[in-house]
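**Q** Provided herewith is a single structure, encoded as structure tokens, for subsequent inquiry.
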Amino acid sequence: MARKIRFVDIYILYDEVDASIIEELLEEYDIDCIVTDLGMADTLDRDGLAGKLVAVEADKEDNARQIIKDAIRSGIISREGSFET
């Protein structure tokens with residue numbers, strides 16, 4: 001029987017490049033992720049860019065959050081996103 005994978009939303013951001021970098025970083029650590037365009041009016045930033053939502057496997061959430069925090073701290077991605085609680 002196939003194992004059901006549950007994904008949880010962890011991060012919202014507005015930069016396409018940052019989204020790609022996060023996706024690549026997580027894949028390097030064997031963390032499956034889904035990046036979706038939110039495209040709703042309430043997720044637009046001040047420049048009119050639609051938000052993107054990063055979701056990861058629930059059992060790897062803590063690792064994924066740390067990888068993103070480390071990427072922000074080291075300047076690999078911008079500080080423009082925010083973590084979902």
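Ordering of the structure tokens sets the chain letters (A, B, ...), residue numbers begin anew at 1 in every chain, and ligands are numbered from 1 in the order given.
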Quick one: residues within 12 Å of Ser78 in chain A, only C-alpha atoms, excluding same-chain residues fewer than 3 positions away - as a ChimeraX atom specification?
**A** /A:13-19,21-22,68-75,81-82
**Q** Can I get the selected residues back with C-alpha atoms, as a tab-separated table (two decimals), in the first residue's frame?
**A**
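And here is the file that came out, selection28.tsv:
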chain	number	residue	atom	x	y	z
A	13	LEU	CA	7.49	34.72	-0.13
A	14	TYR	CA	7.21	37.03	-3.15
A	15	ASP	CA	10.44	36.50	-5.08
A	16	GLU	CA	10.59	33.94	-7.89
A	17	VAL	CA	14.36	33.52	-7.57
A	18	ASP	CA	14.15	32.95	-3.81
A	19	ALA	CA	11.41	30.36	-4.40
A	21	ILE	CA	16.59	28.60	-4.48
A	22	ILE	CA	14.50	27.28	-1.59
A	68	ILE	CA	15.41	28.32	5.09
A	69	LYS	CA	16.54	30.22	8.22
A	70	ASP	CA	20.17	29.38	7.44
A	71	ALA	CA	19.72	30.54	3.82
A	72	ILE	CA	18.31	33.86	5.04
A	73	ARG	CA	21.04	34.32	7.63
A	74	SER	CA	23.79	33.62	5.10
A	75	GLY	CA	22.26	35.94	2.47
A	81	GLY	CA	9.36	36.13	3.21
A	82	SER	CA	7.66	35.01	6.40
**Q** Tell me which of A:Val35, A:Ile77, A:Ala50, A:Ala55 sits closest to Ile10 in chain A, counting only C-alpha atoms.
**A**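 Checking each candidate against Ile10 in chain A, we get A:Ala55 as the closest.
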**Q** Between CA of Glu84 in chain A and CA of Lys4 in chain A, what is the distance, to one decimal in Å?
**A**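 Going from CA of Glu84 in chain A over to CA of Lys4 in chain A covers 22.6 Å.
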**Q** Could you please determine the separation between CA of Asp32 in chain A and CA of Glu80 in chain A in Å, to one decimal place?
**A** 22.5 Å
**Q** Considering only C-alpha atoms, state which residue in the set A:Leu53, A:Tyr11, A:Ala58, A:Ala64 is at the smallest distance from Glu24 in chain A.
**A**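 Ranked by minimum distance to Glu24 in chain A, first place goes to A:Ala64.
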**Q** Point out the residue among A:Glu57, A:Asp37, A:Asp30, A:Asp62 with the least atom-to-atom distance to Ile12 in chain A, counting only C-alpha atoms.
**A**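 For Ile12 in chain A, the nearest of the candidates is A:Asp37.
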**Q** Could you pull out the strand (DSSP E or B) residues of chain A, going by DSSP on the backbone, and write them as a PyMOL selection string?
**A** chain A and resi 7-13+33-37+52-57+82-83
**Q** Near Ile34 in chain A, within 10 Å and counting only C-alpha atoms, which residues show up once chain neighbours fewer than 4 positions away are dropped, as a list of chain:residue names?
**A** A:Phe7, A:Val8, A:Asp9, A:Glu23, A:Lys52, A:Leu53, A:Val54, A:Ala55, A:Val56, A:Glu57
**Q** For the selection you just gave me, I'd like the residues written to a file as a CSV table (one decimal), in the first residue's frame, keeping C-alpha atoms.
**A**
chain,number,residue,atom,x,y,z
A,7,PHE,CA,2.4,18.4,3.4
A,8,VAL,CA,2.3,21.5,5.6
A,9,ASP,CA,2.6,25.1,4.7
A,23,GLU,CA,13.2,24.5,-3.8
A,52,LYS,CA,4.2,32.0,-3.2
A,53,LEU,CA,3.7,29.3,-0.6
A,54,VAL,CA,6.2,26.7,0.2
A,55,ALA,CA,4.9,23.4,1.6
A,56,VAL,CA,7.0,20.5,2.8
A,57,GLU,CA,6.5,16.9,4.1
**Q** Measure the distance from CA of Glu27 in chain A to CA of Met1 in chain A in Å and round it to one decimal.
**A**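 Taking CA of Glu27 in chain A as the start and CA of Met1 in chain A as the end point, the length is 24.8 Å.
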**Q** So which residues of chain A fall under alpha helix (DSSP H) by DSSP, listed as a PDB file with C-alpha atoms, in the first residue's frame?
**A**
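Final output, saved to result.pdb:
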ATOM      1  CA  GLU A  16      10.589  33.935  -7.894  1.00  0.00           C
ATOM      2  CA  VAL A  17      14.361  33.520  -7.569  1.00  0.00           C
ATOM      3  CA  ASP A  18      14.148  32.951  -3.809  1.00  0.00           C
ATOM      4  CA  ALA A  19      11.414  30.360  -4.397  1.00  0.00           C
ATOM      5  CA  SER A  20      13.634  28.490  -6.857  1.00  0.00           C
ATOM      6  CA  ILE A  21      16.593  28.605  -4.485  1.00  0.00           C
ATOM      7  CA  ILE A  22      14.504  27.285  -1.590  1.00  0.00           C
ATOM      8  CA  GLU A  23      13.198  24.485  -3.768  1.00  0.00           C
ATOM      9  CA  GLU A  24      16.753  23.504  -4.786  1.00  0.00           C
ATOM     10  CA  LEU A  25      18.097  23.698  -1.222  1.00  0.00           C
ATOM     11  CA  LEU A  26      15.327  21.491   0.134  1.00  0.00           C
ATOM     12  CA  GLU A  27      15.807  18.963  -2.659  1.00  0.00           C
ATOM     13  CA  GLU A  28      19.527  18.780  -1.799  1.00  0.00           C
ATOM     14  CA  GLU A  61       9.118  20.466   8.626  1.00  0.00           C
ATOM     15  CA  ASP A  62      11.664  21.311  11.336  1.00  0.00           C
ATOM     16  CA  ASN A  63      14.614  20.561   9.061  1.00  0.00           C
ATOM     17  CA  ALA A  64      13.091  22.576   6.212  1.00  0.00           C
ATOM     18  CA  ARG A  65      12.503  25.591   8.470  1.00  0.00           C
ATOM     19  CA  GLN A  66      16.127  25.464   9.640  1.00  0.00           C
ATOM     20  CA  ILE A  67      17.429  25.236   6.064  1.00  0.00           C
ATOM     21  CA  ILE A  68      15.409  28.324   5.091  1.00  0.00           C
ATOM     22  CA  LYS A  69      16.542  30.221   8.218  1.00  0.00           C
ATOM     23  CA  ASP A  70      20.167  29.380   7.439  1.00  0.00           C
ATOM     24  CA  ALA A  71      19.715  30.543   3.822  1.00  0.00           C
ATOM     25  CA  ILE A  72      18.306  33.863   5.043  1.00  0.00           C
ATOM     26  CA  ARG A  73      21.043  34.316   7.629  1.00  0.00           C
TER      27      ARG A  73
END
